[in-house]
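*Asks:* Sharing a structure below in structure tokens format, with a few things to ask.
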Amino acid sequence: MIYSHEVELMCPVAKGAKHEPAPIPEEGKWVHSKKIEDISGFTHGIGWCAPQQGACKLTLNVKEGVIEEALVETIGCSGMTHSAAMAAEILQGKTILEALNTDLVCDAINTAMRELFLQIVYGRTQSAFSDDGLAIGAGLEDLGKGLRSQVGTMYGTRKKGVRYLEMAEGYITGLALDENDEVIGYQFVSLGKMTDFIKNGDDPNTAWEKSKGQYGRVDDAVKIIDPRKE
């Protein structure tokens, strides 16, 4: 280490106070984090690109500073989905500091990584007060049995009103309307379940019928419209 001439001429003064860093909650413990390997936690965060044409939800499970599990969910940009494929391969196995300073291909994913880094190093994780944190694989729980992201897609115009297109339950096939043409429910098909039924040997029509469901007062509807065509 190189010292300037002025510093070399100074006499030493002993350091009196010795302050530890503020402890942060990590997986049910209070930790004085000094090194990257002191950091553990499971958390989520959202990122966006500069033109804000798409967004990324990033989920990381960090153990002793290393990303052991990564879930990358994107919406609104076709290029971002391909970037997510590369980012999911890049992230696991890196320390959180490496990941923060790695190009994760898409601006939205990089922004999400920045937001998660702040949560993790400040002890604001989802697992801050969970003993031993969450098991590797916990990131898949948000996806449910069909391992599909929960997506909401709604569209509306002043002239023609609202159209539900996609709900957490699945792809919307019908909007139930009452006598005032107000929405009172919807019909849907779970594409994840349908795909699984087909993989297990059902023909597509049978799988479609087995994957259908409804929500609200569909049985009381005066009419049901196709939200994509009517």
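Just so we're on the same page: first chain in the structure tokens is A, next is B, and so on; residues restart at 1 for each chain, and ligands are numbered from 1 in the order they show up.
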Give me the residues of region 91-124 of chain A that have any atom at most 8 Å from an atom of region 68-78 of chain A; for each, the nearest atom pair and the distance in Å, rounded to one decimal. Use only C-alpha atoms, sort by chain and number, and format it as CSV.
*Replies:*
```
residue,atom,partner,partner_atom,distance
A:Leu91,CA,A:Ala70,CA,6.7
A:Gln92,CA,A:Glu68,CA,5.5
A:Gly93,CA,A:Glu68,CA,6.0
```
*Asks:* Store the residues of this selection in a file with all heavy atoms, as a compact mmCIF listing (two decimals), in the first residue's frame.
*Replies:*
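Saved result, selection_17.txt, follows:
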```txt
# COMPACT_ATOMS: atom_id res chain seq x y z
N LEU A 91 -26.94 -17.05 -13.51
CA LEU A 91 -27.04 -16.64 -12.12
C LEU A 91 -26.62 -17.70 -11.11
O LEU A 91 -25.88 -17.42 -10.16
CB LEU A 91 -28.48 -16.20 -11.81
CG LEU A 91 -28.86 -14.79 -12.26
CD1 LEU A 91 -30.37 -14.60 -12.25
CD2 LEU A 91 -28.19 -13.76 -11.37
N GLN A 92 -27.11 -18.93 -11.28
CA GLN A 92 -26.85 -19.92 -10.25
C GLN A 92 -25.37 -20.26 -10.17
O GLN A 92 -24.70 -20.42 -11.18
CB GLN A 92 -27.70 -21.20 -10.43
CG GLN A 92 -28.32 -21.41 -11.79
CD GLN A 92 -27.46 -22.27 -12.68
OE1 GLN A 92 -26.51 -22.88 -12.23
NE2 GLN A 92 -27.80 -22.34 -13.94
N GLY A 93 -24.89 -20.27 -8.91
CA GLY A 93 -23.48 -20.56 -8.67
C GLY A 93 -22.63 -19.32 -8.48
O GLY A 93 -21.48 -19.41 -8.04
```
*Asks:* Do you have, as a tab-separated table, the list of residues of region 83-185 of chain A lying at most 8 Å from region 10-27 of chain A, each with its nearest atom pair and that distance in Å to one decimal, counting only C-alpha atoms and ordered by chain then number?
*Replies:*
```
residue	atom	partner	partner_atom	distance
A:Tyr122	CA	A:Ile24	CA	6.4
A:Gly123	CA	A:Ile24	CA	4.9
A:Arg124	CA	A:Pro25	CA	7.6
A:Thr125	CA	A:Glu26	CA	7.7
A:Ser127	CA	A:Glu27	CA	5.4
A:Ala128	CA	A:Glu26	CA	4.5
A:Phe129	CA	A:Glu27	CA	5.3
A:Ser130	CA	A:Glu27	CA	4.8
A:Asp131	CA	A:Glu27	CA	5.1
A:Asp132	CA	A:Glu27	CA	5.0
A:Gly133	CA	A:Glu27	CA	4.4
```
*Asks:* Considering only C-alpha atoms, return as a list in words whatever protein or nucleic-acid residues lie within 8 Å of Tyr155 (chain A), sequence-local ones (same chain, fewer than 4 positions apart) excluded.
*Replies:*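 That gives Val162, Arg163, Tyr164 and Leu165 of chain A.
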*Asks:* Within 7 Å of Met167 (chain A), counting only C-alpha atoms, which residues show up once you throw out same-chain ones fewer than 3 positions away? Write them as a PyMOL selection string, please.
*Replies:* chain A and resi 151-153+170-172
*Asks:* Please provide as an NGL selection string all residues within 12 Å of Cys49 (chain A), with the sequence filter that same-chain residues fewer than 5 positions apart are discarded (counting only C-alpha atoms).
*Replies:* :A and (54-56 or 74-77 or 79-80 or 105-112)
*Asks:* Rounded to one decimal place, report the CA of Gly41 (chain A)-CA of Ala85 (chain A) distance in Å.
*Replies:* 23.0 Å
*Asks:* So which one's closest to Ile90 (chain A), A:Asp226, A:Asp103, A:Asp178, A:Asp220? Using only C-alpha atoms, please.
*Replies:*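 The shortest atom-to-atom distance to Ile90 (chain A) comes from A:Asp103.
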*Asks:* Using only C-alpha atoms, which residues sit within 8 Å of region 145-149 of chain A once same-chain residues fewer than 6 positions away are excluded, as a ChimeraX atom specification?
*Replies:* /A:73,192-193,196
*Asks:* Limited to N, CA, C and O atoms, could you put the picked residues into a file as a CSV table (one decimal), in the first residue's frame?
*Replies:*
```
chain,number,residue,atom,x,y,z
A,73,GLU,N,-38.9,-14.5,-14.2
A,73,GLU,CA,-40.2,-14.4,-14.9
A,73,GLU,C,-40.2,-13.0,-15.6
A,73,GLU,O,-39.9,-12.0,-15.0
A,192,GLY,N,-51.7,-25.1,-18.2
A,192,GLY,CA,-50.7,-26.0,-17.6
A,192,GLY,C,-51.3,-27.3,-17.3
A,192,GLY,O,-50.7,-28.4,-17.7
A,193,LYS,N,-52.5,-27.4,-16.7
A,193,LYS,CA,-53.2,-28.7,-16.5
A,193,LYS,C,-53.5,-29.4,-17.8
A,193,LYS,O,-53.3,-30.6,-17.9
A,196,ASP,N,-50.5,-31.0,-19.2
A,196,ASP,CA,-50.1,-32.2,-18.4
A,196,ASP,C,-51.1,-33.4,-18.8
A,196,ASP,O,-50.6,-34.5,-18.9
```
*Asks:* Based on the backbone DSSP call, show me all residues of region 70-103 of chain A assigned strand (DSSP E), as an MDAnalysis selection string.
*Replies:* chainID A and resid 70:75
*Asks:* Any chance you could export the current selection's all heavy atoms as an mmCIF file, in the first residue's frame?
*Replies:*
```
data_model
loop_
_atom_site.group_PDB
_atom_site.id
_atom_site.type_symbol
_atom_site.label_atom_id
_atom_site.label_comp_id
_atom_site.auth_asym_id
_atom_site.auth_seq_id
_atom_site.Cartn_x
_atom_site.Cartn_y
_atom_site.Cartn_z
ATOM 1 N N ALA A 70 -32.456 -19.709 -8.772
ATOM 2 C CA ALA A 70 -32.891 -18.474 -9.429
ATOM 3 C C ALA A 70 -34.130 -18.756 -10.270
ATOM 4 O O ALA A 70 -34.186 -19.736 -11.008
ATOM 5 C CB ALA A 70 -31.777 -17.921 -10.313
ATOM 6 N N LEU A 71 -35.120 -17.900 -10.120
ATOM 7 C CA LEU A 71 -36.329 -17.950 -10.941
ATOM 8 C C LEU A 71 -36.469 -16.607 -11.637
ATOM 9 O O LEU A 71 -36.474 -15.563 -10.984
ATOM 10 C CB LEU A 71 -37.561 -18.234 -10.070
ATOM 11 C CG LEU A 71 -38.926 -18.122 -10.758
ATOM 12 C CD1 LEU A 71 -39.074 -19.191 -11.840
ATOM 13 C CD2 LEU A 71 -40.047 -18.242 -9.733
ATOM 14 N N VAL A 72 -36.557 -16.622 -12.964
ATOM 15 C CA VAL A 72 -36.665 -15.388 -13.746
ATOM 16 C C VAL A 72 -37.991 -15.420 -14.500
ATOM 17 O O VAL A 72 -38.219 -16.307 -15.323
ATOM 18 C CB VAL A 72 -35.498 -15.244 -14.749
ATOM 19 C CG1 VAL A 72 -35.512 -13.867 -15.390
ATOM 20 C CG2 VAL A 72 -34.151 -15.514 -14.080
ATOM 21 N N GLU A 73 -38.865 -14.458 -14.195
ATOM 22 C CA GLU A 73 -40.160 -14.356 -14.868
ATOM 23 C C GLU A 73 -40.226 -13.003 -15.572
ATOM 24 O O GLU A 73 -39.906 -11.974 -14.985
ATOM 25 C CB GLU A 73 -41.303 -14.475 -13.871
ATOM 26 C CG GLU A 73 -41.298 -15.802 -13.113
ATOM 27 C CD GLU A 73 -42.342 -15.828 -12.003
ATOM 28 O OE1 GLU A 73 -43.515 -16.119 -12.308
ATOM 29 O OE2 GLU A 73 -41.981 -15.543 -10.842
ATOM 30 N N THR A 74 -40.663 -13.001 -16.838
ATOM 31 C CA THR A 74 -40.689 -11.755 -17.606
ATOM 32 C C THR A 74 -42.056 -11.561 -18.251
ATOM 33 O O THR A 74 -42.813 -12.510 -18.464
ATOM 34 C CB THR A 74 -39.620 -11.757 -18.715
ATOM 35 O OG1 THR A 74 -39.924 -12.805 -19.656
ATOM 36 C CG2 THR A 74 -38.238 -11.980 -18.145
ATOM 37 N N ILE A 75 -42.348 -10.297 -18.576
ATOM 38 C CA ILE A 75 -43.611 -9.978 -19.244
ATOM 39 C C ILE A 75 -43.427 -8.739 -20.107
ATOM 40 O O ILE A 75 -42.659 -7.836 -19.761
ATOM 41 C CB ILE A 75 -44.742 -9.759 -18.210
ATOM 42 C CG1 ILE A 75 -46.102 -9.652 -18.902
ATOM 43 C CG2 ILE A 75 -44.476 -8.526 -17.359
ATOM 44 C CD1 ILE A 75 -47.279 -9.711 -17.954
#
```
